[in-house]
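Data first, discussion second: the structure below is written as structure tokens.
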Amino acid sequence: MSQGPRSGLAAVSAALLAMSRHLEVRDVLKTIVASARELLDAQYAALGVPDDHGGFAQFVVDGVSDEQWKAIGPLPRQHGILAAMLREARPERLADVRKDPRFEGWPSAHPDMSDFLGLPIKDGDEVIGALFLANKNCPRPTGGCGFTEEDEELLALLAQHAAIALTNARLYERSRELTIAEERSRLAHELHDAVSQKLFSLRLTAQAAAALVDRDPARAKGELHQVAALAAEAADELRAAVVELRPAALDEDGLIATLRTQIQVLDRAHTARVTFACDGFRALPAAQEEALLRVAQEALHNALRHSGGDHVDVTVDRRGGGAVLRVTDDGRGFDPRSVRRAGRHLGLVSMRDRADGVGGTLTVESAPGKGTTIEMEVPGG
């Protein structure tokens, strides 16, 4: 064999090892795309995972800056060459994608592409993605494509293993979600059993005290002491349950990893693009990290369900000895002066309570048509 194919196979091996290190779906997608672009020395690479509505549930690119990606706009629909790869499940190698009769153009901010190599990612007979590259970094033959048959073979090999990695990542996330659901169900049953018993005892004891209060005040007083004791026990049971309901991932992985994982899930589940960035964060006391997580979850829920925006950006940055959380969307916004109505509707009261509870502050910046930013700052421990 020539040195070229051996080098190519070594690069495939390195790419496969990189894919095997990740369990989160979006991390696997990013690794596949970056590995494909590096392996075939292309200027651009992308991978789209189709949804059931003619669009893409996920679309990951490599070779395009964040600024370019934001300028391009919403995720593409299933049309043109991408639709052909998904529908016909066969490779496409083109000298100039713009001259193909199926080409339907792209947004004004989209980078210019010419030679093109794409193929479907399949799990058995099911097409679970479309992987493609554009603009090979090499001299192009006159009237021909820069991508070669060998490139197509290498990309096909990578796509076969990418299907395995992607399927494994999906199974991992589903199993994790099932584990969380089972744990919540277990806690709900334990909470119901423990607290229900205490409340039942409380009711009976209170009824006994009411019956005795006129004819035997001393015994009634004793029953009321028992009511107080049972109430204290019930409060302890509730407090223990609330502590146990603290997100397990927060204790295991910390705030940043937990947020990153949840945001990746939301990014896949919603049409809006959801991103996360962190700069210089230092671990905080458990109560503060949980408050930050709960506020982030509430703000994300609001942005994804009510704002109508295309992008939601979440950042956590170090500020002094503490941290500041920001959740920003480009949606319809609202008038923060309408505190009574908006506060109740968007959970702003509970978010402020959480911030106050850990010595922090919460601010809301919004205006009709201008999007919304929720910012929470907490001090250091």
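Naming works like this for the structure tokens: A, B, ... for the chains as they're shown, residue 1 at the start of each chain, ligands 1 onward in shown order.
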
Please list as an MDAnalysis selection string every residue within 6 Å of Asp330 (chain A), counting only C-alpha atoms and excluding residues in the same chain fewer than 2 positions away. chainID A and resid 309 311 371

How would the residues just picked look written out with N, CA and C atoms as a PDB file, in the first residue's frame?
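Below is the file that was written, part-v3.pdb:
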ATOM      1  N   GLY A 309     -38.083  33.085  20.676  1.00  0.00           N
ATOM      2  CA  GLY A 309     -36.786  33.448  20.093  1.00  0.00           C
ATOM      3  C   GLY A 309     -36.130  32.302  19.343  1.00  0.00           C
ATOM      4  N   HIS A 311     -32.612  32.072  19.418  1.00  0.00           N
ATOM      5  CA  HIS A 311     -31.379  31.764  20.133  1.00  0.00           C
ATOM      6  C   HIS A 311     -31.551  32.035  21.628  1.00  0.00           C
ATOM      7  N   GLY A 371     -36.152  41.042  23.245  1.00  0.00           N
ATOM      8  CA  GLY A 371     -35.586  39.896  23.955  1.00  0.00           C
ATOM      9  C   GLY A 371     -35.520  40.137  25.455  1.00  0.00           C
TER      10      GLY A 371
END

Can you pull out the residues contacting Arg37 (chain A)? Cut-off 12 Å, using only C-alpha atoms, and skip same-chain residues under 4 positions away; I want them as number ranges by chain. A: 11-12, 15, 30-33, 41-47, 61-64, 117-118, 131-137, 147, 151, 154-155, 158

Show me, as an MDAnalysis selection string, the residues that have an atom within 7 Å of region 111-115 of chain A when counting only C-alpha atoms, minus same-chain residues fewer than 6 positions from it. chainID A and resid 94:98 134:136 145:146

Residues from the last selection, C-alpha atoms, saved as a PDB file, in the first residue's frame:
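Resulting contents of out.pdb:
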ATOM      1  CA  LEU A  94     -19.879  16.859  -6.896  1.00  0.00           C
ATOM      2  CA  ALA A  95     -17.388  19.096  -8.678  1.00  0.00           C
ATOM      3  CA  ASP A  96     -19.547  22.165  -7.976  1.00  0.00           C
ATOM      4  CA  VAL A  97     -22.596  21.854  -5.758  1.00  0.00           C
ATOM      5  CA  ARG A  98     -23.897  25.187  -7.050  1.00  0.00           C
ATOM      6  CA  ALA A 134     -17.042  21.118   1.095  1.00  0.00           C
ATOM      7  CA  ASN A 135     -14.024  22.878  -0.432  1.00  0.00           C
ATOM      8  CA  LYS A 136     -11.173  20.373  -0.391  1.00  0.00           C
ATOM      9  CA  CYS A 145     -13.973  17.473  -7.843  1.00  0.00           C
ATOM     10  CA  GLY A 146     -11.189  17.912  -5.329  1.00  0.00           C
TER      11      GLY A 146
END

Using only C-alpha atoms, which protein or nucleic acid residues come within 10 Å of region 282-290 of chain A? Drop anything in the same chain fewer than 6 positions from it, and give the result as an NGL selection string. :A and (246-247 or 250-251 or 254-256 or 296 or 317-319 or 321-323 or 354-355 or 357-360 or 377-381)

Just list the residues in region 346-376 of chain A DSSP gives alpha helix (DSSP H) on the backbone, as a VMD selection string. chain A and resid 346 348 to 357

Take the residues from that selection and put them in a file with C-alpha atoms, as a short mmCIF file (atom, residue, chain, number, x, y, z; two decimals), in the first residue's frame.
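Dumped to part_12.cif:
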data_model
loop_
_atom_site.label_atom_id
_atom_site.label_comp_id
_atom_site.auth_asym_id
_atom_site.auth_seq_id
_atom_site.Cartn_x
_atom_site.Cartn_y
_atom_site.Cartn_z
CA LEU A 346 -42.62 33.93 34.25
CA LEU A 348 -39.72 35.92 38.47
CA VAL A 349 -40.91 35.97 42.07
CA SER A 350 -39.57 32.48 42.78
CA MET A 351 -36.30 33.29 41.00
CA ARG A 352 -35.84 36.40 43.13
CA ASP A 353 -36.62 34.37 46.24
CA ARG A 354 -33.93 31.86 45.31
CA ALA A 355 -31.41 34.64 44.74
CA ASP A 356 -32.29 36.34 48.03
CA GLY A 357 -32.04 33.01 49.85
#

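In this comparison, which uses only C-alpha atoms, the residue of A:Leu300, A:Phe103, A:Phe56, A:Asp279 approaching Val324 (chain A) most closely is A:Asp279.
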